>>> print(open('entry36.cif').read())   # mmCIF, C-alpha atoms
data_data
loop_
_atom_site.label_atom_id
_atom_site.label_comp_id
_atom_site.auth_asym_id
_atom_site.auth_seq_id
_atom_site.Cartn_x
_atom_site.Cartn_y
_atom_site.Cartn_z
CA MET A 1 60.76 -56.61 -24.25
CA LEU A 2 60.23 -60.35 -23.85
CA ASN A 3 63.97 -60.85 -23.35
CA ILE A 4 63.89 -58.28 -20.56
CA LEU A 5 60.88 -59.94 -18.90
CA TRP A 6 62.35 -63.45 -19.09
CA GLY A 7 65.75 -62.21 -17.92
CA ALA A 8 64.18 -60.38 -14.98
CA MET A 9 62.17 -63.46 -13.93
CA MET A 10 65.26 -65.67 -14.10
CA LEU A 11 67.30 -63.16 -12.11
CA ILE A 12 64.60 -62.84 -9.45
CA GLY A 13 64.30 -66.63 -9.19
CA ILE A 14 68.04 -67.18 -8.84
CA THR A 15 68.35 -64.34 -6.31
CA TYR A 16 65.46 -65.69 -4.25
CA GLY A 17 66.92 -69.21 -4.38
CA ALA A 18 70.31 -67.94 -3.20
CA MET A 19 68.74 -65.99 -0.35
CA THR A 20 66.65 -68.97 0.83
CA GLY A 21 69.40 -71.57 0.44
CA ARG A 22 67.77 -73.44 -2.45
CA MET A 23 70.46 -73.12 -5.10
CA GLY A 24 70.73 -76.91 -5.31
CA GLU A 25 67.04 -77.19 -6.21
CA ILE A 26 67.41 -74.41 -8.78
CA THR A 27 70.35 -76.23 -10.39
CA ASP A 28 68.42 -79.52 -10.52
CA ALA A 29 65.37 -77.77 -12.00
CA ALA A 30 67.51 -76.05 -14.64
CA LEU A 31 69.13 -79.32 -15.72
CA SER A 32 65.87 -81.29 -15.82
CA SER A 33 64.07 -78.48 -17.65
CA ALA A 34 66.86 -78.30 -20.22
CA LYS A 35 66.51 -82.03 -20.83
CA GLU A 36 62.72 -81.78 -21.18
CA ALA A 37 63.10 -78.85 -23.60
CA VAL A 38 65.39 -80.85 -25.88
CA VAL A 39 63.08 -83.88 -25.85
CA LEU A 40 60.04 -81.68 -26.53
CA CYS A 41 61.79 -79.91 -29.41
CA ILE A 42 62.70 -83.24 -31.01
CA THR A 43 59.12 -84.49 -30.59
CA MET A 44 57.62 -81.32 -32.04
CA ALA A 45 60.17 -81.25 -34.87
CA GLY A 46 59.07 -84.69 -35.99
CA ILE A 47 55.38 -83.84 -35.88
CA VAL A 48 55.79 -80.50 -37.64
CA ALA A 49 58.08 -82.03 -40.27
CA MET A 50 55.52 -84.73 -41.03
CA TRP A 51 52.60 -82.31 -41.41
CA MET A 52 54.66 -79.77 -43.32
CA GLY A 53 55.58 -82.57 -45.71
CA VAL A 54 51.91 -83.41 -46.12
CA MET A 55 51.11 -79.74 -46.80
CA GLU A 56 53.94 -79.46 -49.33
CA ILE A 57 52.73 -82.59 -51.14
CA ALA A 58 49.21 -81.15 -51.17
CA ARG A 59 50.52 -77.87 -52.57
CA SER A 60 52.69 -79.52 -55.23
CA SER A 61 49.90 -81.84 -56.33
CA GLY A 62 47.51 -78.93 -56.83
CA MET A 63 45.26 -79.92 -53.93
CA ILE A 64 45.76 -76.55 -52.20
CA GLU A 65 44.81 -74.79 -55.42
CA LYS A 66 41.65 -76.86 -55.72
CA MET A 67 40.78 -76.24 -52.07
CA THR A 68 41.35 -72.54 -52.67
CA GLU A 69 38.77 -72.69 -55.47
CA LYS A 70 36.31 -74.44 -53.15
CA MET A 71 36.95 -71.77 -50.51
CA GLN A 72 36.31 -68.89 -52.93
CA PRO A 73 32.86 -67.98 -51.49
CA LEU A 74 34.36 -67.75 -47.99
CA LEU A 75 37.47 -65.89 -49.17
CA ARG A 76 35.36 -63.45 -51.24
CA PHE A 77 33.22 -62.76 -48.16
CA LEU A 78 36.28 -62.17 -45.97
CA PHE A 79 38.33 -60.28 -48.57
CA PRO A 80 35.85 -58.57 -50.93
CA ASN A 81 38.42 -56.11 -52.33
CA LEU A 82 41.10 -58.72 -53.05
CA PRO A 83 41.38 -59.58 -56.79
CA ARG A 84 39.91 -62.99 -57.51
CA ASN A 85 43.04 -64.71 -58.82
CA HIS A 86 45.60 -62.81 -56.79
CA PRO A 87 48.57 -64.96 -55.56
CA ALA A 88 47.78 -63.99 -51.95
CA MET A 89 44.61 -66.07 -52.15
CA GLU A 90 46.54 -69.35 -52.35
CA TYR A 91 48.75 -68.48 -49.40
CA ILE A 92 45.80 -67.26 -47.33
CA SER A 93 43.89 -70.49 -47.97
CA ALA A 94 47.00 -72.59 -47.21
CA ASN A 95 47.42 -70.70 -43.94
CA ILE A 96 43.77 -71.24 -43.02
CA ILE A 97 44.02 -74.95 -43.84
CA ALA A 98 47.23 -75.36 -41.82
CA ASN A 99 45.68 -73.56 -38.85
CA PHE A 100 42.54 -75.68 -39.25
CA LEU A 101 44.71 -78.78 -38.86
CA GLY A 102 46.33 -77.30 -35.76
CA LEU A 103 49.71 -76.65 -37.40
CA GLY A 104 50.42 -73.27 -35.87
CA TRP A 105 54.12 -73.47 -36.74
CA GLY A 106 53.43 -74.90 -40.17
CA ALA A 107 50.98 -72.08 -40.93
CA THR A 108 53.55 -69.36 -40.27
CA PRO A 109 55.46 -69.56 -43.60
CA PHE A 110 52.19 -69.36 -45.55
CA GLY A 111 51.09 -66.42 -43.41
CA LEU A 112 54.33 -64.54 -44.09
CA LYS A 113 54.03 -65.14 -47.83
CA ALA A 114 50.40 -64.01 -47.76
CA MET A 115 51.40 -60.77 -46.01
CA GLU A 116 54.19 -60.28 -48.54
CA LYS A 117 51.77 -60.65 -51.44
CA LEU A 118 49.26 -58.32 -49.80
CA ALA A 119 52.01 -55.73 -49.35
CA GLU A 120 52.87 -56.08 -53.04
CA LEU A 121 49.20 -55.54 -53.87
CA GLU A 122 49.21 -52.28 -51.90
CA GLU A 123 52.31 -51.18 -53.78
CA GLU A 124 50.58 -51.93 -57.09
CA ARG A 125 47.57 -49.89 -55.99
CA ARG A 126 49.83 -46.97 -55.11
CA GLN A 127 51.56 -47.12 -58.48
CA GLU A 128 48.29 -47.33 -60.36
CA ASN A 129 46.76 -44.37 -58.53
CA GLY A 130 49.84 -42.31 -57.81
CA GLN A 131 49.07 -42.38 -54.09
CA GLU A 132 48.33 -44.73 -51.23
CA ALA A 133 44.69 -45.67 -51.44
CA ASP A 134 41.87 -47.68 -49.95
CA ILE A 135 38.29 -48.34 -51.10
CA ASN A 136 35.58 -46.23 -49.49
CA SER A 137 31.83 -46.89 -49.27
CA ARG A 138 31.23 -45.39 -52.74
CA GLY A 139 33.75 -47.68 -54.38
CA LYS A 140 36.23 -44.85 -54.91
CA LEU A 141 39.83 -44.55 -53.75
CA ARG A 142 40.87 -42.61 -50.70
CA ILE A 143 44.31 -41.86 -49.32
CA LEU A 144 45.89 -43.99 -46.60
CA PRO A 145 48.95 -42.84 -44.62
CA ARG A 146 52.18 -44.59 -45.58
CA GLY A 147 52.85 -47.60 -43.37
CA THR A 148 49.16 -48.20 -42.61
CA ALA A 149 48.06 -51.82 -42.96
CA SER A 150 45.38 -52.46 -45.55
CA ASN A 151 41.96 -53.84 -44.69
CA GLU A 152 42.99 -57.21 -46.15
CA MET A 153 46.10 -57.32 -43.97
CA CYS A 154 44.16 -56.52 -40.79
CA THR A 155 41.46 -59.09 -41.59
CA PHE A 156 43.99 -61.80 -42.35
CA LEU A 157 45.99 -61.07 -39.19
CA ILE A 158 42.89 -61.28 -36.98
CA LEU A 159 41.76 -64.51 -38.64
CA ASN A 160 45.23 -65.97 -38.23
CA ILE A 161 45.22 -65.12 -34.52
CA SER A 162 41.73 -66.57 -33.92
CA SER A 163 42.76 -69.75 -35.79
CA LEU A 164 39.85 -72.18 -36.12
CA GLN A 165 41.30 -75.64 -35.39
CA LEU A 166 39.92 -79.11 -36.04
CA ILE A 167 42.95 -81.06 -34.77
CA PRO A 168 45.21 -79.11 -32.35
CA VAL A 169 48.30 -81.15 -33.23
CA ASN A 170 50.72 -79.05 -31.20
CA ILE A 171 48.66 -79.21 -28.01
CA ILE A 172 48.12 -82.95 -28.41
CA ALA A 173 51.89 -83.38 -28.74
CA TYR A 174 52.50 -81.30 -25.62
CA ARG A 175 49.95 -83.30 -23.63
CA SER A 176 51.43 -86.59 -24.84
CA GLN A 177 54.95 -85.44 -23.95
CA TYR A 178 53.93 -84.59 -20.40
CA GLY A 179 52.13 -87.85 -19.71
CA SER A 180 48.46 -87.11 -20.36
CA THR A 181 46.31 -90.26 -20.27
CA ASN A 182 44.13 -88.84 -23.07
CA PRO A 183 46.15 -86.39 -25.18
CA ALA A 184 43.39 -86.05 -27.78
CA GLY A 185 40.81 -85.12 -25.13
CA ILE A 186 41.44 -81.48 -25.96
CA VAL A 187 39.96 -81.83 -29.46
CA GLY A 188 36.32 -81.12 -28.50
CA PRO A 189 36.96 -78.10 -26.27
CA GLY A 190 39.52 -76.84 -28.79
CA ILE A 191 37.00 -76.89 -31.64
CA VAL A 192 34.42 -75.01 -29.55
CA ALA A 193 36.91 -72.41 -28.29
CA THR A 194 38.50 -71.72 -31.69
CA LEU A 195 35.13 -71.69 -33.45
CA LEU A 196 33.87 -69.02 -31.06
CA SER A 197 37.08 -66.99 -31.40
CA THR A 198 36.88 -67.16 -35.20
CA VAL A 199 33.23 -66.10 -35.28
CA VAL A 200 34.02 -63.17 -33.00
CA ALA A 201 37.00 -62.28 -35.23
CA VAL A 202 34.88 -62.27 -38.40
CA VAL A 203 32.14 -60.19 -36.77
CA PHE A 204 34.73 -57.75 -35.45
CA CYS A 205 36.36 -57.38 -38.88
CA LYS A 206 33.03 -56.75 -40.59
CA MET A 207 31.95 -54.23 -37.95
CA LYS A 208 35.21 -52.29 -38.24
CA ASP A 209 35.05 -52.45 -42.03
CA ARG A 210 31.48 -51.11 -42.02
CA LYS A 211 32.48 -48.34 -39.61
CA ARG A 212 35.43 -47.40 -41.81
CA ARG A 213 33.19 -47.24 -44.88
CA GLY A 214 30.53 -45.22 -43.10
#
>>> encode(input="entry36.cif", output="structure tokens")
Amino acid sequence: MLNILWGAMMLIGITYGAMTGRMGEITDAALSSAKEAVVLCITMAGIVAMWMGVMEIARSSGMIEKMTEKMQPLLRFLFPNLPRNHPAMEYISANIIANFLGLGWGATPFGLKAMEKLAELEEERRQENGQEADINSRGKLRILPRGTASNEMCTFLILNISSLQLIPVNIIAYRSQYGSTNPAGIVGPGIVATLLSTVVAVVFCKMKDRKRRG
């Protein structure tokens, strides 16, 4: 769908430029934009590579594991039905930490691994109970249709989208690339905006979970 939308916009722009005699301007804009895109990609690649390296060092040194332990009260509140030492916990915490540092791209691999582990957990639950199941308000199992995302998956996805950020690295890089006099000026508003979105996300998840259990 996005390919169709972008293709349609490009076709409309080129057609309009040809009809109004501005093909020269369109050509110049295409060349300059292509140059800016390459420069931006190189800039972002360096920043993401640096922070991904920091995250990998933190993971290899056991720092992520220790931070996961410190985050247990929060993770238990957000994911009450997730086993305490399940492998998904580490990836979820790494994703939250990466998003907290503003590494949207760097958080993606951890998010994918977390979803993979959560899917494996659902498969284990099905094998143990002989059916697809979820936990109801009485602590018993109830059937879920095949292909339905678990409560943990939905909660994690919403939290990942809301993405509380302390340092929006990507946005700072964009602002610096395009000549902002104060690239880091977005930090304050970013913290407020993402804090509000995360609070709303948590409240929404708990309300839907309570409604489902009712």
>>> atom_distance(input="entry36.cif", atom1="atom CA of A:Arg76", atom2="atom CA of A:Glu56")
24.6 Å
>>> resolve_selection(input="entry36.cif", expression="the PyMOL selection byres ((chain A and resi 68) around 12)", output="tab-separated table (two decimals) with C-alpha atoms, keeping the file's coordinate frame")
chain	number	residue	atom	x	y	z
A	58	ALA	CA	49.21	-81.15	-51.17
A	59	ARG	CA	50.52	-77.87	-52.57
A	62	GLY	CA	47.51	-78.93	-56.83
A	63	MET	CA	45.26	-79.92	-53.93
A	64	ILE	CA	45.76	-76.55	-52.20
A	65	GLU	CA	44.81	-74.79	-55.42
A	66	LYS	CA	41.65	-76.86	-55.72
A	67	MET	CA	40.78	-76.24	-52.07
A	69	GLU	CA	38.77	-72.69	-55.47
A	70	LYS	CA	36.31	-74.44	-53.15
A	71	MET	CA	36.95	-71.77	-50.51
A	72	GLN	CA	36.31	-68.89	-52.93
A	73	PRO	CA	32.86	-67.98	-51.49
A	74	LEU	CA	34.36	-67.75	-47.99
A	75	LEU	CA	37.47	-65.89	-49.17
A	76	ARG	CA	35.36	-63.45	-51.24
A	84	ARG	CA	39.91	-62.99	-57.51
A	85	ASN	CA	43.04	-64.71	-58.82
A	86	HIS	CA	45.60	-62.81	-56.79
A	87	PRO	CA	48.57	-64.96	-55.56
A	88	ALA	CA	47.78	-63.99	-51.95
A	89	MET	CA	44.61	-66.07	-52.15
A	90	GLU	CA	46.54	-69.35	-52.35
A	91	TYR	CA	48.75	-68.48	-49.40
A	92	ILE	CA	45.80	-67.26	-47.33
A	93	SER	CA	43.89	-70.49	-47.97
A	94	ALA	CA	47.00	-72.59	-47.21
A	95	ASN	CA	47.42	-70.70	-43.94
A	96	ILE	CA	43.77	-71.24	-43.02
A	97	ILE	CA	44.02	-74.95	-43.84
>>> resolve_selection(input="entry36.cif", expression="the PyMOL selection byres ((chain A and resi 183) around 12)", output="MDAnalysis selection string")
chainID A and resid 167:182 184:188
>>> atom_distance(input="entry36.cif", atom1="atom CA of A:Gln165", atom2="atom CA of A:Asn99")
6.0 Å
>>> resolve_selection(input="entry36.cif", expression="the PyMOL selection byres ((chain A and resi 78) around 12)", output="ChimeraX atom specification")
/A:71-77,79-82,89,92-93,151-159,198-199,201-206,209
>>> write_last_selection(input="entry36.cif", atoms="C-alpha atoms", output="mmCIF file, in the coordinates of the input")
data_model
loop_
_atom_site.group_PDB
_atom_site.id
_atom_site.type_symbol
_atom_site.label_atom_id
_atom_site.label_comp_id
_atom_site.auth_asym_id
_atom_site.auth_seq_id
_atom_site.Cartn_x
_atom_site.Cartn_y
_atom_site.Cartn_z
ATOM 1 C CA MET A 71 36.950 -71.770 -50.510
ATOM 2 C CA GLN A 72 36.310 -68.890 -52.930
ATOM 3 C CA PRO A 73 32.860 -67.980 -51.490
ATOM 4 C CA LEU A 74 34.360 -67.750 -47.990
ATOM 5 C CA LEU A 75 37.470 -65.890 -49.170
ATOM 6 C CA ARG A 76 35.360 -63.450 -51.240
ATOM 7 C CA PHE A 77 33.220 -62.760 -48.160
ATOM 8 C CA PHE A 79 38.330 -60.280 -48.570
ATOM 9 C CA PRO A 80 35.850 -58.570 -50.930
ATOM 10 C CA ASN A 81 38.420 -56.110 -52.330
ATOM 11 C CA LEU A 82 41.100 -58.720 -53.050
ATOM 12 C CA MET A 89 44.610 -66.070 -52.150
ATOM 13 C CA ILE A 92 45.800 -67.260 -47.330
ATOM 14 C CA SER A 93 43.890 -70.490 -47.970
ATOM 15 C CA ASN A 151 41.960 -53.840 -44.690
ATOM 16 C CA GLU A 152 42.990 -57.210 -46.150
ATOM 17 C CA MET A 153 46.100 -57.320 -43.970
ATOM 18 C CA CYS A 154 44.160 -56.520 -40.790
ATOM 19 C CA THR A 155 41.460 -59.090 -41.590
ATOM 20 C CA PHE A 156 43.990 -61.800 -42.350
ATOM 21 C CA LEU A 157 45.990 -61.070 -39.190
ATOM 22 C CA ILE A 158 42.890 -61.280 -36.980
ATOM 23 C CA LEU A 159 41.760 -64.510 -38.640
ATOM 24 C CA THR A 198 36.880 -67.160 -35.200
ATOM 25 C CA VAL A 199 33.230 -66.100 -35.280
ATOM 26 C CA ALA A 201 37.000 -62.280 -35.230
ATOM 27 C CA VAL A 202 34.880 -62.270 -38.400
ATOM 28 C CA VAL A 203 32.140 -60.190 -36.770
ATOM 29 C CA PHE A 204 34.730 -57.750 -35.450
ATOM 30 C CA CYS A 205 36.360 -57.380 -38.880
ATOM 31 C CA LYS A 206 33.030 -56.750 -40.590
ATOM 32 C CA ASP A 209 35.050 -52.450 -42.030
#
>>> atom_distance(input="entry36.cif", atom1="atom CA of A:Gly106", atom2="atom CA of A:Met52")
5.9 Å
>>> closest_residue(input="entry36.cif", among="A:Gly102, A:Met44, A:Ala149, A:Ala107", to="A:Glu122", atoms="only C-alpha atoms")
A:Ala149
>>> axis_aligned_box(input="entry36.cif", around="stretch 5-17 of chain A", padding_each_side="3 Å", output="JSON")
{"center_x": 64.6, "center_y": -64.6, "center_z": -11.7, "size_x": 13.5, "size_y": 15.3, "size_z": 20.8}
>>> decode(input="entry36.cif", residues="stretch 53-87 of chain A", atoms="N, CA and C atoms", output="PDB file, in the first residue's frame")
ATOM      1  N   GLY A  53      26.602  -0.695  19.070  1.00  0.00           N
ATOM      2  CA  GLY A  53      27.805  -1.258  19.670  1.00  0.00           C
ATOM      3  C   GLY A  53      27.781  -1.141  21.182  1.00  0.00           C
ATOM      4  N   VAL A  54      27.335   0.022  21.657  1.00  0.00           N
ATOM      5  CA  VAL A  54      27.222   0.218  23.109  1.00  0.00           C
ATOM      6  C   VAL A  54      26.231  -0.781  23.709  1.00  0.00           C
ATOM      7  N   MET A  55      25.086  -0.974  23.032  1.00  0.00           N
ATOM      8  CA  MET A  55      24.080  -1.908  23.521  1.00  0.00           C
ATOM      9  C   MET A  55      24.602  -3.345  23.514  1.00  0.00           C
ATOM     10  N   GLU A  56      25.369  -3.695  22.482  1.00  0.00           N
ATOM     11  CA  GLU A  56      25.903  -5.059  22.398  1.00  0.00           C
ATOM     12  C   GLU A  56      26.940  -5.301  23.493  1.00  0.00           C
ATOM     13  N   ILE A  57      27.769  -4.273  23.757  1.00  0.00           N
ATOM     14  CA  ILE A  57      28.734  -4.388  24.859  1.00  0.00           C
ATOM     15  C   ILE A  57      28.001  -4.549  26.190  1.00  0.00           C
ATOM     16  N   ALA A  58      26.933  -3.765  26.363  1.00  0.00           N
ATOM     17  CA  ALA A  58      26.155  -3.856  27.602  1.00  0.00           C
ATOM     18  C   ALA A  58      25.517  -5.235  27.747  1.00  0.00           C
ATOM     19  N   ARG A  59      25.061  -5.785  26.630  1.00  0.00           N
ATOM     20  CA  ARG A  59      24.435  -7.115  26.674  1.00  0.00           C
ATOM     21  C   ARG A  59      25.474  -8.201  26.952  1.00  0.00           C
ATOM     22  N   SER A  60      26.627  -8.118  26.292  1.00  0.00           N
ATOM     23  CA  SER A  60      27.669  -9.124  26.480  1.00  0.00           C
ATOM     24  C   SER A  60      28.275  -9.077  27.874  1.00  0.00           C
ATOM     25  N   SER A  61      28.334  -7.890  28.451  1.00  0.00           N
ATOM     26  CA  SER A  61      28.929  -7.741  29.781  1.00  0.00           C
ATOM     27  C   SER A  61      27.973  -8.111  30.905  1.00  0.00           C
ATOM     28  N   GLY A  62      26.719  -8.392  30.555  1.00  0.00           N
ATOM     29  CA  GLY A  62      25.736  -8.744  31.570  1.00  0.00           C
ATOM     30  C   GLY A  62      24.983  -7.558  32.132  1.00  0.00           C
ATOM     31  N   MET A  63      25.268  -6.357  31.612  1.00  0.00           N
ATOM     32  CA  MET A  63      24.602  -5.163  32.135  1.00  0.00           C
ATOM     33  C   MET A  63      23.107  -5.194  31.839  1.00  0.00           C
ATOM     34  N   ILE A  64      22.733  -5.677  30.625  1.00  0.00           N
ATOM     35  CA  ILE A  64      21.314  -5.753  30.271  1.00  0.00           C
ATOM     36  C   ILE A  64      20.594  -6.718  31.206  1.00  0.00           C
ATOM     37  N   GLU A  65      21.258  -7.818  31.521  1.00  0.00           N
ATOM     38  CA  GLU A  65      20.667  -8.800  32.430  1.00  0.00           C
ATOM     39  C   GLU A  65      20.447  -8.193  33.812  1.00  0.00           C
ATOM     40  N   LYS A  66      21.424  -7.423  34.282  1.00  0.00           N
ATOM     41  CA  LYS A  66      21.279  -6.790  35.592  1.00  0.00           C
ATOM     42  C   LYS A  66      20.182  -5.725  35.574  1.00  0.00           C
ATOM     43  N   MET A  67      20.102  -4.983  34.469  1.00  0.00           N
ATOM     44  CA  MET A  67      19.054  -3.973  34.354  1.00  0.00           C
ATOM     45  C   MET A  67      17.690  -4.636  34.259  1.00  0.00           C
ATOM     46  N   THR A  68      17.640  -5.813  33.632  1.00  0.00           N
ATOM     47  CA  THR A  68      16.392  -6.559  33.567  1.00  0.00           C
ATOM     48  C   THR A  68      15.930  -6.942  34.967  1.00  0.00           C
ATOM     49  N   GLU A  69      16.882  -7.353  35.815  1.00  0.00           N
ATOM     50  CA  GLU A  69      16.552  -7.691  37.198  1.00  0.00           C
ATOM     51  C   GLU A  69      16.019  -6.472  37.944  1.00  0.00           C
ATOM     52  N   LYS A  70      16.635  -5.317  37.717  1.00  0.00           N
ATOM     53  CA  LYS A  70      16.183  -4.084  38.368  1.00  0.00           C
ATOM     54  C   LYS A  70      14.796  -3.677  37.882  1.00  0.00           C
ATOM     55  N   MET A  71      14.487  -4.039  36.629  1.00  0.00           N
ATOM     56  CA  MET A  71      13.203  -3.660  36.035  1.00  0.00           C
ATOM     57  C   MET A  71      12.111  -4.678  36.318  1.00  0.00           C
ATOM     58  N   GLN A  72      12.413  -5.723  37.099  1.00  0.00           N
ATOM     59  CA  GLN A  72      11.440  -6.783  37.341  1.00  0.00           C
ATOM     60  C   GLN A  72      10.104  -6.270  37.880  1.00  0.00           C
ATOM     61  N   PRO A  73      10.091  -5.348  38.863  1.00  0.00           N
ATOM     62  CA  PRO A  73       8.781  -4.864  39.349  1.00  0.00           C
ATOM     63  C   PRO A  73       7.942  -4.237  38.228  1.00  0.00           C
ATOM     64  N   LEU A  74       8.591  -3.444  37.368  1.00  0.00           N
ATOM     65  CA  LEU A  74       7.867  -2.835  36.260  1.00  0.00           C
ATOM     66  C   LEU A  74       7.408  -3.884  35.257  1.00  0.00           C
ATOM     67  N   LEU A  75       8.307  -4.821  34.920  1.00  0.00           N
ATOM     68  CA  LEU A  75       7.968  -5.858  33.942  1.00  0.00           C
ATOM     69  C   LEU A  75       6.874  -6.786  34.485  1.00  0.00           C
ATOM     70  N   ARG A  76       6.908  -7.079  35.793  1.00  0.00           N
ATOM     71  CA  ARG A  76       5.868  -7.930  36.370  1.00  0.00           C
ATOM     72  C   ARG A  76       4.520  -7.225  36.352  1.00  0.00           C
ATOM     73  N   PHE A  77       4.537  -5.902  36.526  1.00  0.00           N
ATOM     74  CA  PHE A  77       3.295  -5.120  36.476  1.00  0.00           C
ATOM     75  C   PHE A  77       2.731  -5.106  35.054  1.00  0.00           C
ATOM     76  N   LEU A  78       3.621  -4.944  34.071  1.00  0.00           N
ATOM     77  CA  LEU A  78       3.184  -4.861  32.681  1.00  0.00           C
ATOM     78  C   LEU A  78       2.832  -6.222  32.101  1.00  0.00           C
ATOM     79  N   PHE A  79       3.569  -7.253  32.527  1.00  0.00           N
ATOM     80  CA  PHE A  79       3.373  -8.603  31.983  1.00  0.00           C
ATOM     81  C   PHE A  79       3.176  -9.605  33.125  1.00  0.00           C
ATOM     82  N   PRO A  80       2.044  -9.544  33.813  1.00  0.00           N
ATOM     83  CA  PRO A  80       1.844 -10.390  34.998  1.00  0.00           C
ATOM     84  C   PRO A  80       1.799 -11.886  34.701  1.00  0.00           C
ATOM     85  N   ASN A  81       1.420 -12.279  33.471  1.00  0.00           N
ATOM     86  CA  ASN A  81       1.309 -13.696  33.143  1.00  0.00           C
ATOM     87  C   ASN A  81       2.554 -14.261  32.464  1.00  0.00           C
ATOM     88  N   LEU A  82       3.584 -13.435  32.306  1.00  0.00           N
ATOM     89  CA  LEU A  82       4.823 -13.894  31.687  1.00  0.00           C
ATOM     90  C   LEU A  82       5.715 -14.539  32.747  1.00  0.00           C
ATOM     91  N   PRO A  83       6.174 -15.789  32.525  1.00  0.00           N
ATOM     92  CA  PRO A  83       7.053 -16.447  33.508  1.00  0.00           C
ATOM     93  C   PRO A  83       8.247 -15.576  33.884  1.00  0.00           C
ATOM     94  N   ARG A  84       8.621 -15.618  35.137  1.00  0.00           N
ATOM     95  CA  ARG A  84       9.611 -14.691  35.685  1.00  0.00           C
ATOM     96  C   ARG A  84      10.938 -14.707  34.940  1.00  0.00           C
ATOM     97  N   ASN A  85      11.465 -15.885  34.644  1.00  0.00           N
ATOM     98  CA  ASN A  85      12.778 -15.981  34.005  1.00  0.00           C
ATOM     99  C   ASN A  85      12.683 -16.350  32.528  1.00  0.00           C
ATOM    100  N   HIS A  86      11.594 -15.995  31.912  1.00  0.00           N
ATOM    101  CA  HIS A  86      11.426 -16.331  30.497  1.00  0.00           C
ATOM    102  C   HIS A  86      12.397 -15.512  29.644  1.00  0.00           C
ATOM    103  N   PRO A  87      12.982 -16.103  28.573  1.00  0.00           N
ATOM    104  CA  PRO A  87      13.937 -15.371  27.711  1.00  0.00           C
ATOM    105  C   PRO A  87      13.376 -14.091  27.124  1.00  0.00           C
TER     106      PRO A  87
END
